[in-house]
Amino acid sequence: MHRIIEVTEEFYGNSLHFNSLEKLVFSEMPEWKQWHVLGNGEFPALHDLSIEDCPKLIGKLPENLCRLASLTISGCPELILETPIQLSNLKKFEVVGSPKPGVLFYHAELFTSQLLGIKQIDELSITDCSSLTSLPFSGLPNTLKKVEISCCGKLTLATSINEMISRGSDLFLERLVLDQCDSIAPEFELVPRARDLRVDECQSLTKLFIPAGTENIRIFGCGNLEILSVACVTPMMALCGLSIGNCEKLKSLPEQMQELLPSLNELYLTYCPELESFPEGGLPLNLQVLGIYYCRKLVKGRKEWHLQRLPCLRELNIFHDGSDEEILANENWELPCSIRSLRISKLKTLSSQVLKSLASLEYLHASNLPQVRSLLEGLPSSLSELYLSRHDELHSLPTDALRSLTSLQRLEISSCNQLQSLPESGLPSSLSELMIEDCPNLQSLPVKWMPASLSRLSISSCPLLKPRLEFDKGEYWPNIAQIPTIDIGWEYL
């Protein structure tokens, strides 16, 4: 296929058309220049047409594809259509890598006409179309549910909500993705509205309005975004998930979040170094999951978070860089007792008193905490899973602390380079899984005191232990052979 230059009448055979053909794919034909279309309805049953990586193709496409449901044109920069083609039943339309103002046409007006003529479209995807400046959202049918636009640097999306309403459009998407569209207006009210909204690496964006009706938003890599705001002054009952990452200039979250975003139950903030505080009035009371990853200034002001006022918070994740300052005794940092899952990394001021107050805590992931030993002394008895990672100062685990964890079922320890031993009689009787990985100085296990409830033992990258655990030969083998699942060095025994 690499040498084919033309698809001629020989392609069609004696019948000159394919009565039953439903799927047709042309792919990786670097020399193909022309498709000789007969124009007599040669594909009456064609459902799926894909033309990919045919960089020299300049010919026409069949004009009447009345049953076509999916059309993909990718990597065909020279393909030019003279007039819109009949695509009355098209559901999915995807174009990748077409540099012309009209994408598949010389003129943008023809591409607009093509889109407006597709009355059943469900999905629209446009990628790497560098000269595309606008899309006729106000004229597209309400059947459209998913739009993905990537690497279209001149696209402006200038249509306003009011303009769409005036034209009688109530288009509301299930999903809208904008990725690397750097000409979006600096202060942008997204059009059209969507249930699931993703805005990635749109560098011209400085202020973003959250549109009404949106349920989930992800904003990532918008390096000049400074302000996130709500587009209306009445409560937005739909929004339940908000994730913001790698927005280096973001200074504030929406004002009055507690009143305007009452249904928000998940909030993730990742690498937003200029974000200093939560809005006045605090976070929404229905918030259930809060994740804060490498937001230095925000963590510095954590005593103003007032998380203890969030009665529904069940999962808290804080990954820091170790720069947090001491909180004085009269400046308590309190957490709500509703928390069931806690993931903490490099937050050196987390105290054992805070952990003791979490009476409902079931899962704890502690990583890179210099105070880890004192924290282990204050774990709540409700804990069922404990994960300890990257604690170079940890030489052993406190016996009494582990024994008091009467609900603990899973203990996982990884990358604790100085850990030498586990307590001889300190493993709780409830333990069912013990997993240890990458602890090069771990010399011994309390094999004679392994709880009867243990159903899985996994040891990997612990060179001092491996010979003692060898199947049928190691000195530990008689004491562990009864455990149902044994995994030593990624090998199940």
# chains A, B, ... in the order shown; residues from 1 in each chain; ligands from 1
$ select_by_dssp --residues "stretch 105-218 of chain A" --states "strand (DSSP E)" --output "MDAnalysis selection string"
chainID A and resid 123:127 146:150 172:179 187:189 193:200 207:210 216:218
$ residues_around --residues "stretch 449-461 of chain A" --least-positions-apart "4" --cutoff "9 Å" --atoms "only C-alpha atoms" --output "mmCIF file with N, CA and C atoms, in the first residue's frame"
data_model
loop_
_atom_site.group_PDB
_atom_site.id
_atom_site.type_symbol
_atom_site.label_atom_id
_atom_site.label_comp_id
_atom_site.auth_asym_id
_atom_site.auth_seq_id
_atom_site.Cartn_x
_atom_site.Cartn_y
_atom_site.Cartn_z
ATOM 1 N N GLN A 409 -5.913 -4.472 59.372
ATOM 2 C CA GLN A 409 -5.939 -5.638 58.511
ATOM 3 C C GLN A 409 -4.802 -5.650 57.494
ATOM 4 N N GLU A 424 8.907 -8.054 67.878
ATOM 5 C CA GLU A 424 8.756 -9.502 68.018
ATOM 6 C C GLU A 424 7.320 -9.925 68.311
ATOM 7 N N SER A 425 6.634 -9.169 69.120
ATOM 8 C CA SER A 425 5.264 -9.559 69.484
ATOM 9 C C SER A 425 4.292 -8.402 69.270
ATOM 10 N N GLY A 426 4.611 -7.546 68.285
ATOM 11 C CA GLY A 426 3.833 -6.326 68.148
ATOM 12 C C GLY A 426 2.803 -6.306 67.047
ATOM 13 N N LEU A 427 2.744 -7.337 66.202
ATOM 14 C CA LEU A 427 1.779 -7.326 65.122
ATOM 15 C C LEU A 427 0.382 -7.633 65.665
ATOM 16 N N PRO A 428 -0.596 -6.838 65.290
ATOM 17 C CA PRO A 428 -1.947 -7.043 65.828
ATOM 18 C C PRO A 428 -2.556 -8.356 65.339
ATOM 19 N N SER A 429 -3.395 -8.934 66.159
ATOM 20 C CA SER A 429 -4.000 -10.233 65.850
ATOM 21 C C SER A 429 -4.986 -10.168 64.691
ATOM 22 N N SER A 430 -5.412 -8.959 64.326
ATOM 23 C CA SER A 430 -6.384 -8.788 63.242
ATOM 24 C C SER A 430 -5.739 -8.734 61.861
ATOM 25 N N LEU A 431 -4.394 -8.673 61.789
ATOM 26 C CA LEU A 431 -3.684 -8.430 60.532
ATOM 27 C C LEU A 431 -3.892 -9.577 59.536
ATOM 28 N N SER A 432 -4.275 -9.234 58.290
ATOM 29 C CA SER A 432 -4.457 -10.241 57.252
ATOM 30 C C SER A 432 -3.443 -10.101 56.120
ATOM 31 N N GLU A 433 -2.863 -8.908 55.932
ATOM 32 C CA GLU A 433 -1.884 -8.697 54.866
ATOM 33 C C GLU A 433 -0.687 -7.919 55.398
ATOM 34 N N LEU A 434 0.512 -8.444 55.135
ATOM 35 C CA LEU A 434 1.757 -7.767 55.483
ATOM 36 C C LEU A 434 2.599 -7.682 54.223
ATOM 37 N N MET A 435 2.916 -6.437 53.819
ATOM 38 C CA MET A 435 3.643 -6.217 52.579
ATOM 39 C C MET A 435 4.821 -5.293 52.868
ATOM 40 N N ILE A 436 6.019 -5.729 52.485
ATOM 41 C CA ILE A 436 7.234 -4.959 52.729
ATOM 42 C C ILE A 436 8.050 -4.924 51.438
ATOM 43 N N GLU A 437 8.428 -3.706 51.034
ATOM 44 C CA GLU A 437 9.146 -3.545 49.777
ATOM 45 C C GLU A 437 10.282 -2.534 49.928
ATOM 46 N N ASP A 438 11.427 -2.857 49.361
ATOM 47 C CA ASP A 438 12.558 -1.936 49.271
ATOM 48 C C ASP A 438 12.999 -1.417 50.643
ATOM 49 N N CYS A 439 13.280 -2.347 51.524
ATOM 50 C CA CYS A 439 13.849 -2.015 52.843
ATOM 51 C C CYS A 439 15.166 -2.785 52.950
ATOM 52 N N PRO A 440 16.252 -2.221 52.419
ATOM 53 C CA PRO A 440 17.497 -2.983 52.240
ATOM 54 C C PRO A 440 18.177 -3.418 53.531
ATOM 55 N N LEU A 445 12.163 -10.809 60.731
ATOM 56 C CA LEU A 445 10.711 -10.736 60.846
ATOM 57 C C LEU A 445 10.278 -11.539 62.069
ATOM 58 N N LEU A 465 16.613 -10.382 53.881
ATOM 59 C CA LEU A 465 15.552 -11.307 54.276
ATOM 60 C C LEU A 465 15.366 -12.449 53.278
ATOM 61 N N LYS A 466 15.660 -12.214 52.043
ATOM 62 C CA LYS A 466 15.304 -13.168 50.988
ATOM 63 C C LYS A 466 15.818 -14.586 51.247
ATOM 64 N N LEU A 469 13.793 -16.561 53.718
ATOM 65 C CA LEU A 469 12.418 -16.869 53.318
ATOM 66 C C LEU A 469 12.357 -17.858 52.164
ATOM 67 N N ASN A 479 7.915 -21.535 59.567
ATOM 68 C CA ASN A 479 7.004 -20.674 60.323
ATOM 69 C C ASN A 479 6.009 -19.928 59.441
ATOM 70 N N ILE A 480 6.279 -19.884 58.138
ATOM 71 C CA ILE A 480 5.383 -19.116 57.264
ATOM 72 C C ILE A 480 4.678 -19.986 56.230
ATOM 73 N N GLN A 482 2.368 -22.019 56.235
ATOM 74 C CA GLN A 482 0.912 -22.163 56.322
ATOM 75 C C GLN A 482 0.162 -20.936 55.816
ATOM 76 N N ILE A 483 0.852 -19.829 55.535
ATOM 77 C CA ILE A 483 0.190 -18.621 55.038
ATOM 78 C C ILE A 483 -0.309 -18.890 53.618
ATOM 79 N N PRO A 484 -1.578 -18.639 53.331
ATOM 80 C CA PRO A 484 -2.152 -19.003 52.014
ATOM 81 C C PRO A 484 -1.432 -18.381 50.821
ATOM 82 N N THR A 485 -1.075 -17.112 50.897
ATOM 83 C CA THR A 485 -0.418 -16.447 49.765
ATOM 84 C C THR A 485 0.913 -15.874 50.222
ATOM 85 N N ILE A 486 1.986 -16.350 49.597
ATOM 86 C CA ILE A 486 3.332 -15.870 49.924
ATOM 87 C C ILE A 486 3.985 -15.372 48.640
ATOM 88 N N ASP A 487 4.443 -14.144 48.666
ATOM 89 C CA ASP A 487 5.064 -13.514 47.496
ATOM 90 C C ASP A 487 6.435 -13.012 47.919
ATOM 91 N N ILE A 488 7.478 -13.669 47.452
ATOM 92 C CA ILE A 488 8.846 -13.300 47.816
ATOM 93 C C ILE A 488 9.576 -12.866 46.545
ATOM 94 N N GLY A 489 9.933 -11.583 46.473
ATOM 95 C CA GLY A 489 10.648 -11.080 45.307
ATOM 96 C C GLY A 489 9.847 -11.197 44.039
ATOM 97 N N TRP A 490 8.530 -10.889 44.133
ATOM 98 C CA TRP A 490 7.621 -10.931 43.000
ATOM 99 C C TRP A 490 7.347 -12.347 42.498
ATOM 100 N N TYR A 492 5.354 -15.874 43.462
ATOM 101 C CA TYR A 492 4.385 -16.495 44.374
ATOM 102 C C TYR A 492 4.846 -17.917 44.687
#
$ closest_residue --among "A:Ile58, A:Val299, A:Ile210, A:Leu21" --to "A:His36" --atoms "only C-alpha atoms"
A:Ile58
$ closest_atom_pairs --of "stretch 212-311 of chain A" --to "stretch 175-182 of chain A" --cutoff "10 Å" --atoms "only C-alpha atoms" --output "Markdown table"
| residue | atom | partner | partner_atom | distance |
| --- | --- | --- | --- | --- |
| A:Thr214 | CA | A:Arg175 | CA | 9.6 |
| A:Asn216 | CA | A:Arg175 | CA | 9.4 |
| A:Ile217 | CA | A:Leu176 | CA | 9.8 |
| A:Arg218 | CA | A:Val177 | CA | 9.4 |
| A:Ile219 | CA | A:Leu178 | CA | 9.7 |
| A:Phe220 | CA | A:Asp179 | CA | 9.2 |
| A:Gly221 | CA | A:Gln180 | CA | 9.2 |
| A:Cys222 | CA | A:Gln180 | CA | 9.0 |
$ write_last_selection --atoms "C-alpha atoms" --output "short mmCIF file (atom, residue, chain, number, x, y, z; two decimals), in the first residue's frame"
data_model
loop_
_atom_site.label_atom_id
_atom_site.label_comp_id
_atom_site.auth_asym_id
_atom_site.auth_seq_id
_atom_site.Cartn_x
_atom_site.Cartn_y
_atom_site.Cartn_z
CA THR A 214 -21.43 22.12 35.04
CA ASN A 216 -17.20 18.42 37.00
CA ILE A 217 -14.34 20.73 36.03
CA ARG A 218 -10.66 19.99 35.48
CA ILE A 219 -8.26 22.85 34.76
CA PHE A 220 -4.65 21.88 34.13
CA GLY A 221 -1.53 23.68 32.95
CA CYS A 222 -3.12 27.10 32.36
#
$ atom_distance --atom1 "atom CA of A:Ser382" --atom2 "atom CA of A:Leu442"
27.7 Å
$ closest_atom_pairs --of "stretch 130-248 of chain A" --to "stretch 281-286 of chain A" --cutoff "12 Å" --atoms "only C-alpha atoms" --output "tab-separated table"
residue	atom	partner	partner_atom	distance
A:Pro235	CA	A:Pro284	CA	11.4
A:Met236	CA	A:Pro284	CA	11.7
A:Met237	CA	A:Asn286	CA	11.4
A:Leu239	CA	A:Pro284	CA	11.2
A:Cys240	CA	A:Asn286	CA	9.3
A:Gly241	CA	A:Asn286	CA	11.4
A:Leu242	CA	A:Pro284	CA	12.0
$ write_last_selection --atoms "N, CA, C and O atoms" --output "PDB file, in the first residue's frame"
ATOM      1  N   PRO A 235     -26.842  30.147  43.738  1.00  0.00           N
ATOM      2  CA  PRO A 235     -26.137  28.875  43.989  1.00  0.00           C
ATOM      3  C   PRO A 235     -26.160  27.952  42.779  1.00  0.00           C
ATOM      4  O   PRO A 235     -27.184  27.775  42.120  1.00  0.00           O
ATOM      5  N   MET A 236     -24.996  27.369  42.490  1.00  0.00           N
ATOM      6  CA  MET A 236     -24.862  26.406  41.397  1.00  0.00           C
ATOM      7  C   MET A 236     -24.945  25.012  42.013  1.00  0.00           C
ATOM      8  O   MET A 236     -23.970  24.502  42.563  1.00  0.00           O
ATOM      9  N   MET A 237     -26.112  24.407  41.910  1.00  0.00           N
ATOM     10  CA  MET A 237     -26.365  23.156  42.606  1.00  0.00           C
ATOM     11  C   MET A 237     -25.694  21.964  41.936  1.00  0.00           C
ATOM     12  O   MET A 237     -25.545  20.905  42.549  1.00  0.00           O
ATOM     13  N   LEU A 239     -22.498  21.610  40.397  1.00  0.00           N
ATOM     14  CA  LEU A 239     -21.057  21.373  40.480  1.00  0.00           C
ATOM     15  C   LEU A 239     -20.709  20.511  41.691  1.00  0.00           C
ATOM     16  O   LEU A 239     -20.942  20.898  42.831  1.00  0.00           O
ATOM     17  N   CYS A 240     -20.114  19.327  41.420  1.00  0.00           N
ATOM     18  CA  CYS A 240     -19.737  18.436  42.514  1.00  0.00           C
ATOM     19  C   CYS A 240     -18.244  18.125  42.529  1.00  0.00           C
ATOM     20  O   CYS A 240     -17.728  17.658  43.543  1.00  0.00           O
ATOM     21  N   GLY A 241     -17.522  18.380  41.412  1.00  0.00           N
ATOM     22  CA  GLY A 241     -16.097  18.087  41.387  1.00  0.00           C
ATOM     23  C   GLY A 241     -15.293  19.194  40.735  1.00  0.00           C
ATOM     24  O   GLY A 241     -15.649  19.672  39.662  1.00  0.00           O
ATOM     25  N   LEU A 242     -14.203  19.618  41.388  1.00  0.00           N
ATOM     26  CA  LEU A 242     -13.335  20.676  40.868  1.00  0.00           C
ATOM     27  C   LEU A 242     -11.881  20.264  41.083  1.00  0.00           C
ATOM     28  O   LEU A 242     -11.465  19.974  42.212  1.00  0.00           O
TER      29      LEU A 242
END
$ residues_around --residues "A:Ser351" --least-positions-apart "5" --cutoff "9 Å" --atoms "only C-alpha atoms" --output "MDAnalysis selection string"
chainID A and resid 356 371 374:375 378
$ atom_distance --atom1 "atom CA of A:His395" --atom2 "atom CA of A:Asn368"
13.9 Å
$ residues_around --residues "A:Cys337" --least-positions-apart "2" --cutoff "6 Å" --atoms "only C-alpha atoms" --output "PyMOL selection string"
chain A and resi 339+358-359
$ write_last_selection --atoms "C-alpha atoms" --output "PDB file, in the first residue's frame"
ATOM      1  CA  ILE A 339     -12.151  11.697  58.172  1.00  0.00           C
ATOM      2  CA  LEU A 358      -9.613  11.099  64.185  1.00  0.00           C
ATOM      3  CA  ALA A 359     -11.852   8.473  65.749  1.00  0.00           C
TER       4      ALA A 359
END
$ atom_distance --atom1 "atom CA of A:Val147" --atom2 "atom CA of A:Cys129"
14.5 Å
$ residues_around --residues "A:Leu155" --least-positions-apart "3" --cutoff "6 Å" --atoms "only C-alpha atoms" --output "ChimeraX atom specification"
/A:132-134,152,183
$ select_by_dssp --residues "stretch 346-432 of chain A" --states "alpha helix (DSSP H)" --output "ChimeraX atom specification"
/A:352-356,372-376,399-403
$ write_last_selection --atoms "C-alpha atoms" --output "short mmCIF file (atom, residue, chain, number, x, y, z; two decimals), in the first residue's frame"
data_model
loop_
_atom_site.label_atom_id
_atom_site.label_comp_id
_atom_site.auth_asym_id
_atom_site.auth_seq_id
_atom_site.Cartn_x
_atom_site.Cartn_y
_atom_site.Cartn_z
CA SER A 352 0.04 12.82 67.13
CA GLN A 353 -2.67 14.79 68.94
CA VAL A 354 -4.34 15.52 65.59
CA LEU A 355 -4.24 11.84 64.63
CA LYS A 356 -5.65 10.74 67.98
CA VAL A 372 6.69 9.43 62.03
CA ARG A 373 7.67 7.54 65.18
CA SER A 374 5.77 9.89 67.45
CA LEU A 375 2.79 9.70 65.08
CA LEU A 376 2.78 5.92 65.33
CA THR A 399 5.59 -2.49 69.81
CA ASP A 400 2.76 -1.14 71.96
CA ALA A 401 1.50 1.18 69.24
CA LEU A 402 1.02 -1.62 66.72
CA ARG A 403 -0.52 -3.98 69.25
#
$ residues_around --residues "stretch 94-105 of chain A" --least-positions-apart "3" --cutoff "10 Å" --atoms "only C-alpha atoms" --output "MDAnalysis selection string"
chainID A and resid 50:53 55 70:84 108:112 114 123:134 147:152 154
$ closest_residue --among "A:Ser113, A:Gln34, A:Thr406, A:Ser20" --to "A:Val7" --atoms "only C-alpha atoms"
A:Gln34
$ closest_residue --among "A:Ile85, A:Ile4, A:Leu394, A:Leu275" --to "A:Glu31" --atoms "only C-alpha atoms"
A:Ile4
$ decode --residues "stretch 254-381 of chain A" --atoms "C-alpha atoms" --output "CSV table (one decimal), in the first residue's frame"
chain,number,residue,atom,x,y,z
A,254,PRO,CA,-14.3,31.4,43.6
A,255,GLU,CA,-15.6,33.8,46.3
A,256,GLN,CA,-18.4,32.6,48.5
A,257,MET,CA,-17.8,29.0,47.6
A,258,GLN,CA,-19.8,27.8,50.6
A,259,GLU,CA,-22.9,29.6,49.4
A,260,LEU,CA,-22.5,29.5,45.6
A,261,LEU,CA,-21.1,25.9,45.3
A,262,PRO,CA,-23.1,24.0,47.9
A,263,SER,CA,-23.0,20.6,46.2
A,264,LEU,CA,-19.2,20.6,45.7
A,265,ASN,CA,-18.0,17.3,47.3
A,266,GLU,CA,-14.5,16.9,45.7
A,267,LEU,CA,-11.7,19.5,45.5
A,268,TYR,CA,-8.2,18.8,44.2
A,269,LEU,CA,-5.5,21.5,44.1
A,270,THR,CA,-2.1,20.6,42.6
A,271,TYR,CA,0.9,22.8,42.2
A,272,CYS,CA,-0.7,26.2,42.6
A,273,PRO,CA,2.2,28.0,44.3
A,274,GLU,CA,0.5,31.5,44.5
A,275,LEU,CA,-2.7,30.2,46.0
A,276,GLU,CA,-2.6,31.5,49.6
A,277,SER,CA,-6.0,30.8,51.2
A,278,PHE,CA,-9.5,29.4,50.8
A,279,PRO,CA,-12.2,32.0,50.2
A,280,GLU,CA,-13.7,33.9,53.1
A,281,GLY,CA,-16.5,31.9,54.7
A,282,GLY,CA,-14.6,28.6,54.1
A,283,LEU,CA,-15.2,25.6,51.9
A,284,PRO,CA,-18.6,24.1,51.0
A,285,LEU,CA,-20.1,22.1,53.9
A,286,ASN,CA,-20.8,19.1,51.7
A,287,LEU,CA,-17.2,18.7,50.8
A,288,GLN,CA,-16.2,15.0,51.1
A,289,VAL,CA,-12.7,14.8,49.5
A,290,LEU,CA,-10.0,17.4,49.7
A,291,GLY,CA,-6.6,17.0,48.0
A,292,ILE,CA,-3.8,19.5,48.3
A,293,TYR,CA,-0.6,18.7,46.4
A,294,TYR,CA,2.5,21.0,46.5
A,295,CYS,CA,0.6,24.3,47.2
A,296,ARG,CA,3.3,25.8,49.5
A,297,LYS,CA,1.6,29.1,50.4
A,298,LEU,CA,-1.8,27.5,51.0
A,299,VAL,CA,-0.3,24.9,53.4
A,300,LYS,CA,1.5,27.7,55.2
A,301,GLY,CA,-1.9,29.2,56.1
A,302,ARG,CA,-3.5,25.9,57.1
A,303,LYS,CA,-4.6,27.1,60.5
A,304,GLU,CA,-7.1,29.3,58.7
A,305,TRP,CA,-8.6,26.4,56.8
A,306,HIS,CA,-11.1,25.6,59.5
A,307,LEU,CA,-11.5,22.0,58.2
A,308,GLN,CA,-13.1,21.0,61.5
A,309,ARG,CA,-16.3,22.8,60.3
A,310,LEU,CA,-16.7,20.3,57.4
A,311,PRO,CA,-18.9,17.6,58.8
A,312,CYS,CA,-18.9,15.5,55.7
A,313,LEU,CA,-15.1,15.4,55.0
A,314,ARG,CA,-14.1,11.8,54.7
A,315,GLU,CA,-10.8,11.9,52.7
A,316,LEU,CA,-7.9,14.3,53.1
A,317,ASN,CA,-4.7,14.2,51.0
A,318,ILE,CA,-1.9,16.7,51.7
A,319,PHE,CA,1.4,16.3,49.8
A,320,HIS,CA,3.9,19.0,50.7
A,321,ASP,CA,7.5,19.9,50.2
A,322,GLY,CA,8.6,19.9,53.8
A,323,SER,CA,8.7,23.7,54.2
A,324,ASP,CA,5.8,24.0,56.6
A,325,GLU,CA,6.4,26.1,59.7
A,326,GLU,CA,5.6,25.2,63.3
A,327,ILE,CA,2.1,25.8,64.5
A,328,LEU,CA,2.2,27.2,68.1
A,329,ALA,CA,0.3,25.5,70.9
A,330,ASN,CA,-2.4,28.2,70.9
A,331,GLU,CA,-2.9,27.9,67.2
A,332,ASN,CA,-4.5,24.5,66.9
A,333,TRP,CA,-4.9,22.9,63.5
A,334,GLU,CA,-8.0,20.8,63.9
A,335,LEU,CA,-9.4,18.2,61.6
A,336,PRO,CA,-13.0,16.8,61.6
A,337,CYS,CA,-13.5,13.5,63.2
A,338,SER,CA,-15.4,12.3,60.1
A,339,ILE,CA,-12.2,11.7,58.2
A,340,ARG,CA,-11.7,8.1,57.2
A,341,SER,CA,-8.8,8.3,54.8
A,342,LEU,CA,-5.7,10.4,55.3
A,343,ARG,CA,-2.7,10.7,53.0
A,344,ILE,CA,0.2,12.8,54.2
A,345,SER,CA,3.6,13.5,52.7
A,346,LYS,CA,6.4,15.8,54.0
A,347,LEU,CA,4.1,17.7,56.4
A,348,LYS,CA,6.4,17.8,59.3
A,349,THR,CA,4.1,19.6,61.7
A,350,LEU,CA,1.3,17.0,61.7
A,351,SER,CA,1.0,16.0,65.4
A,352,SER,CA,0.0,12.8,67.1
A,353,GLN,CA,-2.7,14.8,68.9
A,354,VAL,CA,-4.3,15.5,65.6
A,355,LEU,CA,-4.2,11.8,64.6
A,356,LYS,CA,-5.6,10.7,68.0
A,357,SER,CA,-8.7,12.9,67.4
A,358,LEU,CA,-9.6,11.1,64.2
A,359,ALA,CA,-11.9,8.5,65.7
A,360,SER,CA,-13.2,7.3,62.4
A,361,LEU,CA,-9.8,7.0,60.6
A,362,GLU,CA,-9.6,3.7,58.6
A,363,TYR,CA,-6.7,4.4,56.1
A,364,LEU,CA,-3.4,6.2,56.7
A,365,HIS,CA,-0.7,6.7,54.1
A,366,ALA,CA,2.3,8.5,55.7
A,367,SER,CA,5.3,9.4,53.6
A,368,ASN,CA,8.5,11.3,54.3
A,369,LEU,CA,7.5,12.4,57.8
A,370,PRO,CA,10.4,13.1,60.2
A,371,GLN,CA,8.0,12.8,63.1
A,372,VAL,CA,6.7,9.4,62.0
A,373,ARG,CA,7.7,7.5,65.2
A,374,SER,CA,5.8,9.9,67.4
A,375,LEU,CA,2.8,9.7,65.1
A,376,LEU,CA,2.8,5.9,65.3
A,377,GLU,CA,2.4,6.2,69.1
A,378,GLY,CA,-0.9,8.0,68.6
A,379,LEU,CA,-2.8,6.1,66.0
A,380,PRO,CA,-6.6,5.6,66.5
A,381,SER,CA,-7.7,2.0,67.1
